[in-house]
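Undergrad: Here it is: the structure, laid out below.
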Amino acid sequence: MFGFGMRPEGLVIGNKRVHYAWVIVGVATVMWMTSSSMRFAVAILVPELEELFGWSLTVITAGFTVQWLMSAALSPICGWLGDRYGVRRVMWGGGLLFMLGMVMTGIMTSWWEFYLYFGLVLAAGMAAFQVTLVSGVTLWFRKNLGLAMGILQALQGLGTGLAILMVYLLYERYGLQVTFWVPGIAGGFILLTLTKWFYNEPADRGITQWGAPDDEPVRRLQNNAIAKLRTGVFLKQVQKTSAFWNLATIHGLGCAGHNIILILLVAIAIDDGISSGVAAMVYLSLTVVSTATRFATPVIADIVGSKVVMGICFALQTFPILILFVAGDSVSLYFLFAVLFGIGMGGEMTAFPVINRQYYADAPTATAYGWQMMGAGLGMALGPVSAGFLRDFTGSYVSSLWLSFGLSVFAVVAILFLPSTKRLQLPNWEEALPPEARTGIAAATIAQPQSTAPSAQPAGATGDGDGDGD
């Protein structure tokens, strides 16, 4: 007889038990699909906003810039709050702000309202999820983190594809207000409902991480005095490593490069003579293709190391841009670009949680990841508005495309300076803690599960310049 139920340790389906870590992955996936997809889907409305309100491209892209700057500013704060007080409290506020921002954007009539509702309020709601969901999932896994991240990232990309199609159909049939109200109200309800199923850490369910030894005691890593102490001590140490700042820089450069394409691709295609419907399908194809690499990149990075995988993906989001210089009104070349660029872009973003685990093991990395997301947010913010200004100034998208290409090239070069993921960067960081605040997990966990344990480094060693590569 088939049975289904929920216990503290997870789901019970028939005779099989599913660890609650995989429930967290499912909940996080739906929440991330809901909270982040609209910021990219709205890009297909750039030409429509030009026509509807008479705004210049610089004014429109500046709205996206405000949103990403807000997200960048809030990312380390949300990560810090999540590490110290638990991610669920952050999510409650995020869900309400998401709903408010979407509803108010639907009735905007001026550029300053676009900046306020879409750029500030909605960004604050999204920031509450973009760091806490990813960092929150990592707390549930001692093994198979790459698989968990792959599922999370891939389905988020699929959600963006569905949102693009939804925005196109809603706007064509019902106009601007319904285009924002339907996903805003429904999405806010989904976020607030699912928050109660997203537990901060395994200790909240009285269990240990997926993959932890059977005899390991349940430890609370968040929302207590020890968690606050651990977060502060680790952050001070990790900020002294070059990898910390380089990862934020790489994320910033890569996101600046690809967000120029994401925001302006439809407008570029229409300017080249492609119909708006076909241009939207090109953008949709890019997003759907990226789903495959969103899944594959964390899985492969977890096995072979993140540095090489990141380098390949960043290169694949860089060189296909050259196709757009010669594409003209060729639909086939635009779809070819969408496939190649989608492969690279999908993998560009998704290895960062895995490389944090490979560098820092089970240290409280939400704040560090928040800094990386701040770099990403700054890149996402400054790239499109700079490209929009160049187009308005020159009357052509050529200089905008060269800007995207150049930024991504610099990101590829920066990856070469990352230390190897074959060794932990701060294996002894817990020595700065009092004995009662130590877990011993970081020192016992190796960056590469498939390799033997690396020799210990002095506390604070970064591993830079070791010559090992990845």
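Order determines the names: the first chain of the structure tokens is A, the second B, and so forth; residues in each chain are numbered 1 upward, and ligands are numbered 1 upward as they are shown.
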Leaving out segment 266-283 of chain A and any residue of its chain fewer than 5 positions from it, which residues lie within 12 Å of it when counting only C-alpha atoms, given as a CSV table (one decimal) with N, CA and C atoms, in the first residue's frame?

TA:
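File written: result-v1.csv
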chain,number,residue,atom,x,y,z
A,40,PHE,N,14.6,39.3,-15.2
A,40,PHE,CA,15.2,39.0,-16.5
A,40,PHE,C,14.1,39.0,-17.6
A,41,ALA,N,12.9,38.5,-17.2
A,41,ALA,CA,11.8,38.5,-18.2
A,41,ALA,C,11.4,39.9,-18.7
A,42,VAL,N,11.5,40.8,-17.8
A,42,VAL,CA,11.0,42.2,-18.1
A,42,VAL,C,11.9,42.8,-19.2
A,43,ALA,N,13.1,42.2,-19.5
A,43,ALA,CA,14.0,42.7,-20.5
A,43,ALA,C,13.3,42.7,-21.9
A,44,ILE,N,12.4,41.8,-22.1
A,44,ILE,CA,11.7,41.8,-23.5
A,44,ILE,C,10.8,43.0,-23.6
A,45,LEU,N,10.5,43.7,-22.5
A,45,LEU,CA,9.6,44.9,-22.6
A,45,LEU,C,10.4,46.2,-22.9
A,46,VAL,N,11.7,46.1,-23.0
A,46,VAL,CA,12.5,47.3,-23.2
A,46,VAL,C,12.0,48.1,-24.4
A,47,PRO,N,11.9,47.5,-25.6
A,47,PRO,CA,11.4,48.3,-26.7
A,47,PRO,C,9.9,48.8,-26.5
A,48,GLU,N,9.1,48.0,-25.7
A,48,GLU,CA,7.8,48.4,-25.5
A,48,GLU,C,7.7,49.6,-24.5
A,49,LEU,N,8.6,49.7,-23.5
A,49,LEU,CA,8.7,50.8,-22.6
A,49,LEU,C,9.1,52.1,-23.4
A,50,GLU,N,10.0,51.9,-24.3
A,50,GLU,CA,10.4,53.0,-25.2
A,50,GLU,C,9.2,53.6,-25.9
A,51,GLU,N,8.4,52.8,-26.5
A,51,GLU,CA,7.3,53.2,-27.2
A,51,GLU,C,6.1,53.7,-26.3
A,57,LEU,N,16.7,54.8,-24.1
A,57,LEU,CA,17.2,53.6,-23.6
A,57,LEU,C,18.1,53.8,-22.4
A,60,ILE,N,15.7,53.8,-19.4
A,60,ILE,CA,15.2,52.4,-19.1
A,60,ILE,C,16.2,51.5,-18.5
A,61,THR,N,17.4,51.5,-19.1
A,61,THR,CA,18.4,50.6,-18.5
A,61,THR,C,18.9,51.1,-17.1
A,160,THR,N,12.8,31.2,-15.4
A,160,THR,CA,13.0,32.4,-16.2
A,160,THR,C,12.5,32.3,-17.6
A,161,GLY,N,12.7,31.1,-18.2
A,161,GLY,CA,12.2,30.9,-19.6
A,161,GLY,C,10.6,31.0,-19.6
A,162,LEU,N,10.0,30.3,-18.6
A,162,LEU,CA,8.5,30.4,-18.5
A,162,LEU,C,8.1,31.8,-18.2
A,163,ALA,N,8.8,32.6,-17.4
A,163,ALA,CA,8.4,33.9,-17.1
A,163,ALA,C,8.5,34.8,-18.4
A,164,ILE,N,9.5,34.6,-19.2
A,164,ILE,CA,9.6,35.3,-20.5
A,164,ILE,C,8.4,35.1,-21.4
A,165,LEU,N,8.0,33.8,-21.5
A,165,LEU,CA,6.9,33.5,-22.3
A,165,LEU,C,5.6,34.1,-21.7
A,166,MET,N,5.5,34.1,-20.4
A,166,MET,CA,4.3,34.6,-19.7
A,166,MET,C,4.2,36.1,-19.9
A,167,VAL,N,5.4,36.8,-19.7
A,167,VAL,CA,5.4,38.3,-19.9
A,167,VAL,C,5.0,38.7,-21.3
A,168,TYR,N,5.5,37.9,-22.3
A,168,TYR,CA,5.2,38.2,-23.7
A,168,TYR,C,3.7,38.1,-24.0
A,169,LEU,N,3.1,37.0,-23.5
A,169,LEU,CA,1.7,36.7,-23.7
A,169,LEU,C,0.8,37.7,-23.0
A,172,GLU,N,1.0,41.2,-24.6
A,172,GLU,CA,0.4,41.3,-25.9
A,172,GLU,C,-1.1,41.3,-25.7
A,260,ILE,N,24.5,42.9,-20.1
A,260,ILE,CA,24.3,43.8,-21.3
A,260,ILE,C,23.5,43.0,-22.4
A,261,ILE,N,23.9,41.8,-22.6
A,261,ILE,CA,23.2,40.9,-23.6
A,261,ILE,C,21.8,40.6,-23.2
A,288,VAL,N,16.5,28.9,-22.1
A,288,VAL,CA,16.2,27.5,-22.0
A,288,VAL,C,17.5,26.7,-22.1
A,289,VAL,N,18.4,27.0,-23.1
A,289,VAL,CA,19.7,26.3,-23.2
A,289,VAL,C,20.5,26.5,-22.0
A,290,SER,N,20.5,27.6,-21.4
A,290,SER,CA,21.3,27.8,-20.2
A,290,SER,C,20.9,26.9,-19.0
A,324,LEU,N,27.3,38.4,-33.1
A,324,LEU,CA,26.3,39.5,-33.3
A,324,LEU,C,26.8,40.6,-34.1
A,325,PHE,N,28.1,40.7,-34.3
A,325,PHE,CA,28.6,41.8,-35.1
A,325,PHE,C,28.3,41.5,-36.6
A,326,VAL,N,28.1,40.3,-37.0
A,326,VAL,CA,27.9,39.9,-38.4
A,326,VAL,C,26.5,39.3,-38.6
A,327,ALA,N,25.7,39.2,-37.5
A,327,ALA,CA,24.4,38.5,-37.7
A,327,ALA,C,23.5,39.2,-38.6
A,328,GLY,N,23.4,40.5,-38.5
A,328,GLY,CA,22.4,41.3,-39.3
A,328,GLY,C,21.0,40.8,-39.0
A,329,ASP,N,20.2,40.6,-40.1
A,329,ASP,CA,18.8,40.1,-39.9
A,329,ASP,C,18.7,38.6,-40.1
A,330,SER,N,19.8,37.9,-39.9
A,330,SER,CA,19.9,36.4,-40.1
A,330,SER,C,19.3,35.8,-38.8
A,331,VAL,N,18.1,35.2,-38.9
A,331,VAL,CA,17.5,34.5,-37.8
A,331,VAL,C,18.3,33.3,-37.3
A,332,SER,N,18.9,32.6,-38.3
A,332,SER,CA,19.7,31.4,-37.9
A,332,SER,C,20.9,31.8,-37.1
A,333,LEU,N,21.6,32.9,-37.4
A,333,LEU,CA,22.8,33.3,-36.7
A,333,LEU,C,22.4,33.8,-35.3
A,334,TYR,N,21.2,34.4,-35.2
A,334,TYR,CA,20.8,34.8,-33.8
A,334,TYR,C,20.5,33.6,-32.9
A,335,PHE,N,19.9,32.6,-33.5
A,335,PHE,CA,19.6,31.4,-32.7
A,335,PHE,C,20.9,30.6,-32.4
A,336,LEU,N,21.9,30.6,-33.3
A,336,LEU,CA,23.2,30.0,-33.1
A,336,LEU,C,23.8,30.7,-31.9
A,337,PHE,N,23.8,32.1,-31.9
A,337,PHE,CA,24.3,32.8,-30.8
A,337,PHE,C,23.6,32.5,-29.5
A,338,ALA,N,22.3,32.4,-29.5
A,338,ALA,CA,21.5,32.1,-28.3
A,338,ALA,C,22.0,30.7,-27.7
A,339,VAL,N,22.2,29.7,-28.6
A,339,VAL,CA,22.6,28.4,-28.1
A,339,VAL,C,24.0,28.5,-27.4
A,340,LEU,N,25.0,29.1,-28.1
A,340,LEU,CA,26.4,29.1,-27.6
A,340,LEU,C,26.5,30.0,-26.4
A,341,PHE,N,25.9,31.2,-26.5
A,341,PHE,CA,26.0,32.1,-25.3
A,341,PHE,C,25.2,31.5,-24.1
A,342,GLY,N,24.1,30.8,-24.4
A,342,GLY,CA,23.3,30.2,-23.3
A,342,GLY,C,24.1,29.2,-22.5
A,387,ALA,N,26.0,50.4,-21.4
A,387,ALA,CA,25.8,50.0,-22.8
A,387,ALA,C,24.6,50.8,-23.4
A,388,GLY,N,23.6,51.1,-22.6
A,388,GLY,CA,22.5,51.9,-23.1
A,388,GLY,C,22.9,53.3,-23.4
A,391,ARG,N,24.8,53.3,-26.7
A,391,ARG,CA,23.9,53.2,-27.9
A,391,ARG,C,23.3,54.6,-28.1
A,395,GLY,N,24.3,56.0,-31.4
A,395,GLY,CA,23.2,55.6,-32.4
A,395,GLY,C,23.4,54.2,-32.9
A,396,SER,N,24.3,53.4,-32.3
A,396,SER,CA,24.5,52.0,-32.7
A,396,SER,C,24.8,51.2,-31.5
A,397,TYR,N,24.5,49.9,-31.7
A,397,TYR,CA,24.8,48.9,-30.6
A,397,TYR,C,26.2,48.3,-30.7
A,398,VAL,N,27.0,48.7,-31.6
A,398,VAL,CA,28.4,48.1,-31.8
A,398,VAL,C,29.2,48.4,-30.6
A,400,SER,N,28.3,49.0,-27.6
A,400,SER,CA,27.7,48.2,-26.5
A,400,SER,C,28.2,46.8,-26.5
A,401,LEU,N,28.2,46.2,-27.7
A,401,LEU,CA,28.6,44.8,-27.8
A,401,LEU,C,30.1,44.6,-27.4

Undergrad: Smallest atom-to-atom distance to Trp210 of chain A: which of A:Lys143, A:Ala148, A:Ala154, A:Met310, using only C-alpha atoms?

TA: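 With only C-alpha atoms as the atom set, the closest residue is A:Lys143.
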
Undergrad: Might you pull out every residue within 12 Å of Tyr115 of chain A, with only C-alpha atoms counted and same-chain residues fewer than 2 positions away left off, and present them as a ChimeraX atom specification?

TA: /A:59-70,101,104-105,108-113,117-123

Undergrad: Keeping only N, CA and C atoms, write the selected residues to a file as a PDB file, in the first residue's frame.

TA:
ATOM      1  N   VAL A  59      17.462  55.879 -19.942  1.00  0.00           N
ATOM      2  CA  VAL A  59      16.524  55.977 -18.825  1.00  0.00           C
ATOM      3  C   VAL A  59      16.013  54.598 -18.424  1.00  0.00           C
ATOM      4  N   ILE A  60      15.695  53.753 -19.418  1.00  0.00           N
ATOM      5  CA  ILE A  60      15.155  52.422 -19.122  1.00  0.00           C
ATOM      6  C   ILE A  60      16.207  51.537 -18.476  1.00  0.00           C
ATOM      7  N   THR A  61      17.392  51.489 -19.068  1.00  0.00           N
ATOM      8  CA  THR A  61      18.439  50.638 -18.496  1.00  0.00           C
ATOM      9  C   THR A  61      18.873  51.145 -17.117  1.00  0.00           C
ATOM     10  N   ALA A  62      18.723  52.438 -16.874  1.00  0.00           N
ATOM     11  CA  ALA A  62      19.038  52.964 -15.542  1.00  0.00           C
ATOM     12  C   ALA A  62      18.094  52.384 -14.494  1.00  0.00           C
ATOM     13  N   GLY A  63      16.857  52.064 -14.877  1.00  0.00           N
ATOM     14  CA  GLY A  63      15.932  51.420 -13.946  1.00  0.00           C
ATOM     15  C   GLY A  63      16.433  50.055 -13.519  1.00  0.00           C
ATOM     16  N   PHE A  64      16.967  49.290 -14.487  1.00  0.00           N
ATOM     17  CA  PHE A  64      17.570  48.004 -14.151  1.00  0.00           C
ATOM     18  C   PHE A  64      18.816  48.211 -13.294  1.00  0.00           C
ATOM     19  N   THR A  65      19.552  49.280 -13.579  1.00  0.00           N
ATOM     20  CA  THR A  65      20.746  49.586 -12.797  1.00  0.00           C
ATOM     21  C   THR A  65      20.394  49.864 -11.341  1.00  0.00           C
ATOM     22  N   VAL A  66      19.355  50.663 -11.113  1.00  0.00           N
ATOM     23  CA  VAL A  66      18.920  50.945  -9.748  1.00  0.00           C
ATOM     24  C   VAL A  66      18.570  49.648  -9.026  1.00  0.00           C
ATOM     25  N   GLN A  67      17.866  48.751  -9.738  1.00  0.00           N
ATOM     26  CA  GLN A  67      17.482  47.483  -9.122  1.00  0.00           C
ATOM     27  C   GLN A  67      18.695  46.658  -8.723  1.00  0.00           C
ATOM     28  N   TRP A  68      19.664  46.557  -9.607  1.00  0.00           N
ATOM     29  CA  TRP A  68      20.831  45.737  -9.304  1.00  0.00           C
ATOM     30  C   TRP A  68      21.728  46.393  -8.254  1.00  0.00           C
ATOM     31  N   LEU A  69      21.802  47.727  -8.258  1.00  0.00           N
ATOM     32  CA  LEU A  69      22.570  48.398  -7.213  1.00  0.00           C
ATOM     33  C   LEU A  69      21.944  48.155  -5.846  1.00  0.00           C
ATOM     34  N   MET A  70      20.622  48.199  -5.789  1.00  0.00           N
ATOM     35  CA  MET A  70      19.929  47.923  -4.544  1.00  0.00           C
ATOM     36  C   MET A  70      20.190  46.487  -4.091  1.00  0.00           C
ATOM     37  N   GLY A 101       6.267  45.538  -4.722  1.00  0.00           N
ATOM     38  CA  GLY A 101       7.000  46.094  -5.845  1.00  0.00           C
ATOM     39  C   GLY A 101       6.377  45.747  -7.185  1.00  0.00           C
ATOM     40  N   MET A 104       2.931  47.730  -7.659  1.00  0.00           N
ATOM     41  CA  MET A 104       3.117  49.155  -7.905  1.00  0.00           C
ATOM     42  C   MET A 104       3.778  49.420  -9.261  1.00  0.00           C
ATOM     43  N   THR A 105       4.665  48.542  -9.704  1.00  0.00           N
ATOM     44  CA  THR A 105       5.266  48.708 -11.028  1.00  0.00           C
ATOM     45  C   THR A 105       4.205  48.621 -12.119  1.00  0.00           C
ATOM     46  N   MET A 108       2.738  52.115 -12.762  1.00  0.00           N
ATOM     47  CA  MET A 108       3.641  53.260 -12.887  1.00  0.00           C
ATOM     48  C   MET A 108       3.277  54.076 -14.129  1.00  0.00           C
ATOM     49  N   THR A 109       3.565  55.376 -14.071  1.00  0.00           N
ATOM     50  CA  THR A 109       3.318  56.265 -15.207  1.00  0.00           C
ATOM     51  C   THR A 109       4.516  57.155 -15.510  1.00  0.00           C
ATOM     52  N   SER A 110       5.529  57.156 -14.641  1.00  0.00           N
ATOM     53  CA  SER A 110       6.680  58.025 -14.849  1.00  0.00           C
ATOM     54  C   SER A 110       7.962  57.262 -14.541  1.00  0.00           C
ATOM     55  N   TRP A 111       9.082  57.817 -14.994  1.00  0.00           N
ATOM     56  CA  TRP A 111      10.357  57.130 -14.827  1.00  0.00           C
ATOM     57  C   TRP A 111      10.751  57.011 -13.360  1.00  0.00           C
ATOM     58  N   TRP A 112      10.410  58.018 -12.531  1.00  0.00           N
ATOM     59  CA  TRP A 112      10.809  57.932 -11.138  1.00  0.00           C
ATOM     60  C   TRP A 112      10.034  56.827 -10.398  1.00  0.00           C
ATOM     61  N   GLU A 113       8.799  56.566 -10.830  1.00  0.00           N
ATOM     62  CA  GLU A 113       8.048  55.448 -10.254  1.00  0.00           C
ATOM     63  C   GLU A 113       8.664  54.115 -10.673  1.00  0.00           C
ATOM     64  N   TYR A 117       9.616  51.680  -7.684  1.00  0.00           N
ATOM     65  CA  TYR A 117       8.899  50.409  -7.480  1.00  0.00           C
ATOM     66  C   TYR A 117       9.673  49.215  -8.031  1.00  0.00           C
ATOM     67  N   PHE A 118      10.142  49.329  -9.283  1.00  0.00           N
ATOM     68  CA  PHE A 118      10.885  48.233  -9.905  1.00  0.00           C
ATOM     69  C   PHE A 118      12.335  48.218  -9.434  1.00  0.00           C
ATOM     70  N   GLY A 119      12.921  49.407  -9.285  1.00  0.00           N
ATOM     71  CA  GLY A 119      14.334  49.482  -8.965  1.00  0.00           C
ATOM     72  C   GLY A 119      14.673  49.303  -7.502  1.00  0.00           C
ATOM     73  N   LEU A 120      13.817  49.802  -6.603  1.00  0.00           N
ATOM     74  CA  LEU A 120      14.133  49.765  -5.180  1.00  0.00           C
ATOM     75  C   LEU A 120      13.313  48.732  -4.407  1.00  0.00           C
ATOM     76  N   VAL A 121      11.989  48.860  -4.464  1.00  0.00           N
ATOM     77  CA  VAL A 121      11.136  47.982  -3.649  1.00  0.00           C
ATOM     78  C   VAL A 121      11.247  46.532  -4.101  1.00  0.00           C
ATOM     79  N   LEU A 122      11.102  46.296  -5.408  1.00  0.00           N
ATOM     80  CA  LEU A 122      11.181  44.928  -5.917  1.00  0.00           C
ATOM     81  C   LEU A 122      12.576  44.349  -5.707  1.00  0.00           C
ATOM     82  N   ALA A 123      13.598  45.174  -5.871  1.00  0.00           N
ATOM     83  CA  ALA A 123      14.968  44.701  -5.657  1.00  0.00           C
ATOM     84  C   ALA A 123      15.191  44.256  -4.227  1.00  0.00           C
TER      85      ALA A 123
END

Undergrad: Point out the residue among A:Ser75, A:Thr231, A:Thr293, A:Thr138 with the least atom-to-atom distance to Gln209 of chain A, counting only C-alpha atoms.

TA: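 Among A:Ser75, A:Thr231, A:Thr293, A:Thr138, it is A:Thr138 that comes nearest to Gln209 of chain A.
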
Undergrad: For segment 105-161 of chain A against segment 361-373 of chain A, with a cut-off of 8 Å and counting only C-alpha atoms, what is the closest atom pair and its distance in Å to one decimal for every residue that makes the cut, ordered by chain and number, as JSON lines?

TA:
{"residue": "A:Val131", "atom": "CA", "partner": "A:Gly370", "partner_atom": "CA", "distance": 6.0}
{"residue": "A:Thr132", "atom": "CA", "partner": "A:Ala366", "partner_atom": "CA", "distance": 7.2}
{"residue": "A:Ser135", "atom": "CA", "partner": "A:Ala366", "partner_atom": "CA", "distance": 5.1}
{"residue": "A:Gly136", "atom": "CA", "partner": "A:Ala366", "partner_atom": "CA", "distance": 7.7}
{"residue": "A:Leu139", "atom": "CA", "partner": "A:Asp362", "partner_atom": "CA", "distance": 7.6}

Undergrad: Point out the residue among A:Asn428, A:Ser35, A:Thr421, A:Gln358 with the least atom-to-atom distance to Leu97 of chain A, counting only C-alpha atoms.

TA: A:Ser35

Undergrad: Please determine, counting only C-alpha atoms, which residue among A:Gln130, A:Thr193, A:Thr208, A:Ser36 has the shortest atom-to-atom distance to Gly82 of chain A.

TA: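 Among the listed residues, the smallest separation from Gly82 of chain A belongs to A:Gln130.
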
Undergrad: Determine which residues of segment 256-404 of chain A DSSP labels as helix (DSSP H, G or I) from the backbone of this structure, then write them out as a short mmCIF file (atom, residue, chain, number, x, y, z; two decimals) with C-alpha atoms, in the first residue's frame.

TA:
data_model
loop_
_atom_site.label_atom_id
_atom_site.label_comp_id
_atom_site.auth_asym_id
_atom_site.auth_seq_id
_atom_site.Cartn_x
_atom_site.Cartn_y
_atom_site.Cartn_z
CA ALA A 256 28.27 43.02 -16.29
CA GLY A 257 29.20 41.34 -19.55
CA HIS A 258 26.26 38.99 -19.83
CA ASN A 259 23.63 41.36 -18.43
CA ILE A 260 24.28 43.76 -21.31
CA ILE A 261 23.21 40.94 -23.59
CA LEU A 262 20.26 39.86 -21.44
CA ILE A 263 18.77 43.35 -21.21
CA LEU A 264 19.49 44.51 -24.77
CA LEU A 265 19.35 41.35 -26.90
CA VAL A 266 15.72 41.77 -27.93
CA ALA A 267 16.26 45.45 -28.72
CA ILE A 268 19.44 44.63 -30.71
CA ALA A 269 17.65 41.96 -32.73
CA ILE A 270 14.72 44.27 -33.52
CA ASP A 271 17.19 46.98 -34.54
CA SER A 276 9.62 41.31 -31.98
CA GLY A 277 8.08 37.84 -31.70
CA VAL A 278 11.16 36.11 -33.16
CA ALA A 279 13.45 38.27 -31.00
CA ALA A 280 11.55 37.16 -27.91
CA MET A 281 11.94 33.52 -28.99
CA VAL A 282 15.69 34.02 -29.44
CA TYR A 283 15.88 35.31 -25.89
CA LEU A 284 13.73 32.44 -24.68
CA SER A 285 15.99 29.93 -26.46
CA LEU A 286 19.07 31.40 -24.76
CA THR A 287 17.41 31.02 -21.37
CA VAL A 288 16.23 27.46 -21.98
CA VAL A 289 19.65 26.35 -23.24
CA SER A 290 21.28 27.84 -20.16
CA THR A 291 19.19 25.48 -18.03
CA ALA A 292 21.35 22.51 -19.04
CA THR A 293 24.61 24.12 -17.99
CA ARG A 294 23.04 25.56 -14.85
CA PHE A 295 22.53 21.94 -13.81
CA ALA A 296 25.75 20.46 -15.17
CA THR A 297 28.22 23.10 -13.97
CA PRO A 298 27.82 22.66 -10.17
CA VAL A 299 27.77 18.87 -10.55
CA ILE A 300 30.98 18.81 -12.60
CA ALA A 301 32.61 21.50 -10.44
CA ASP A 302 31.89 19.42 -7.34
CA ILE A 303 33.78 16.52 -8.91
CA VAL A 304 36.72 18.05 -10.77
CA SER A 306 35.42 24.77 -9.88
CA LYS A 307 38.29 26.81 -11.32
CA VAL A 308 38.60 25.06 -14.70
CA VAL A 309 34.83 24.72 -15.08
CA MET A 310 34.35 28.43 -14.40
CA GLY A 311 37.04 29.34 -16.92
CA ILE A 312 35.41 27.32 -19.68
CA CYS A 313 31.96 28.71 -19.00
CA PHE A 314 33.17 32.31 -18.85
CA ALA A 315 34.94 31.84 -22.19
CA LEU A 316 31.75 30.45 -23.73
CA ILE A 321 29.30 37.74 -28.81
CA LEU A 322 31.39 38.15 -31.96
CA ILE A 323 28.55 36.49 -33.91
CA LEU A 324 26.29 39.48 -33.25
CA PHE A 325 28.64 41.79 -35.12
CA VAL A 326 27.90 39.94 -38.36
CA ALA A 327 24.43 38.50 -37.68
CA VAL A 331 17.50 34.51 -37.77
CA SER A 332 19.69 31.40 -37.91
CA LEU A 333 22.77 33.30 -36.67
CA TYR A 334 20.77 34.79 -33.82
CA PHE A 335 19.61 31.36 -32.72
CA LEU A 336 23.18 30.03 -33.06
CA PHE A 337 24.34 32.83 -30.79
CA ALA A 338 21.55 32.06 -28.33
CA VAL A 339 22.63 28.42 -28.05
CA LEU A 340 26.36 29.09 -27.63
CA PHE A 341 25.97 32.08 -25.32
CA GLY A 342 23.31 30.25 -23.29
CA ILE A 343 25.71 27.37 -22.63
CA GLY A 344 28.36 29.72 -21.24
CA MET A 345 26.05 32.05 -19.35
CA GLY A 346 24.25 29.22 -17.61
CA GLY A 347 27.51 27.97 -16.15
CA GLU A 348 28.97 31.39 -15.39
CA PHE A 352 30.21 30.05 -6.92
CA PRO A 353 28.44 28.19 -4.06
CA VAL A 354 30.49 25.09 -4.88
CA ILE A 355 33.83 26.92 -4.98
CA ASN A 356 32.98 28.47 -1.59
CA ARG A 357 32.53 24.97 -0.18
CA GLN A 358 35.77 23.79 -1.80
CA TYR A 359 37.70 26.77 -0.42
CA TYR A 360 36.10 27.07 3.04
CA ALA A 366 26.60 33.21 3.57
CA THR A 367 28.18 36.58 4.27
CA ALA A 368 31.10 35.82 1.94
CA TYR A 369 28.67 34.72 -0.75
CA GLY A 370 26.74 37.91 -0.11
CA TRP A 371 29.87 39.90 -0.96
CA GLN A 372 30.24 37.91 -4.17
CA MET A 373 26.61 38.64 -4.99
CA MET A 374 27.29 42.29 -4.28
CA GLY A 375 29.99 42.16 -6.95
CA ALA A 376 27.53 40.46 -9.26
CA GLY A 377 24.90 43.06 -8.50
CA LEU A 378 27.27 45.93 -9.24
CA GLY A 379 28.18 44.30 -12.54
CA MET A 380 24.56 43.63 -13.45
CA ALA A 381 23.79 47.26 -12.59
CA LEU A 382 26.58 49.08 -14.37
CA GLY A 383 26.80 46.96 -17.51
CA PRO A 384 23.39 47.66 -19.12
CA VAL A 385 23.22 51.37 -18.30
CA SER A 386 26.72 51.89 -19.70
CA ALA A 387 25.76 49.98 -22.83
CA GLY A 388 22.50 51.94 -23.10
CA PHE A 389 24.34 55.22 -22.84
CA LEU A 390 26.80 54.14 -25.55
CA ARG A 391 23.92 53.23 -27.86
CA ASP A 392 22.13 56.56 -27.26
CA PHE A 393 25.42 58.45 -27.73
CA THR A 394 26.59 56.65 -30.88
CA VAL A 398 28.35 48.14 -31.83
CA SER A 399 30.15 49.85 -28.94
CA SER A 400 27.74 48.24 -26.47
CA LEU A 401 28.63 44.79 -27.78
CA TRP A 402 32.36 45.55 -27.56
CA LEU A 403 31.85 46.61 -23.94
CA SER A 404 30.16 43.28 -23.13
#

Undergrad: Quick one: distance from atom CA of Leu235 of chain A to atom CA of Ala351 of chain A in Å, one decimal?

TA: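 Calculated distance between atom CA of Leu235 of chain A and atom CA of Ala351 of chain A is 20.5 Å.
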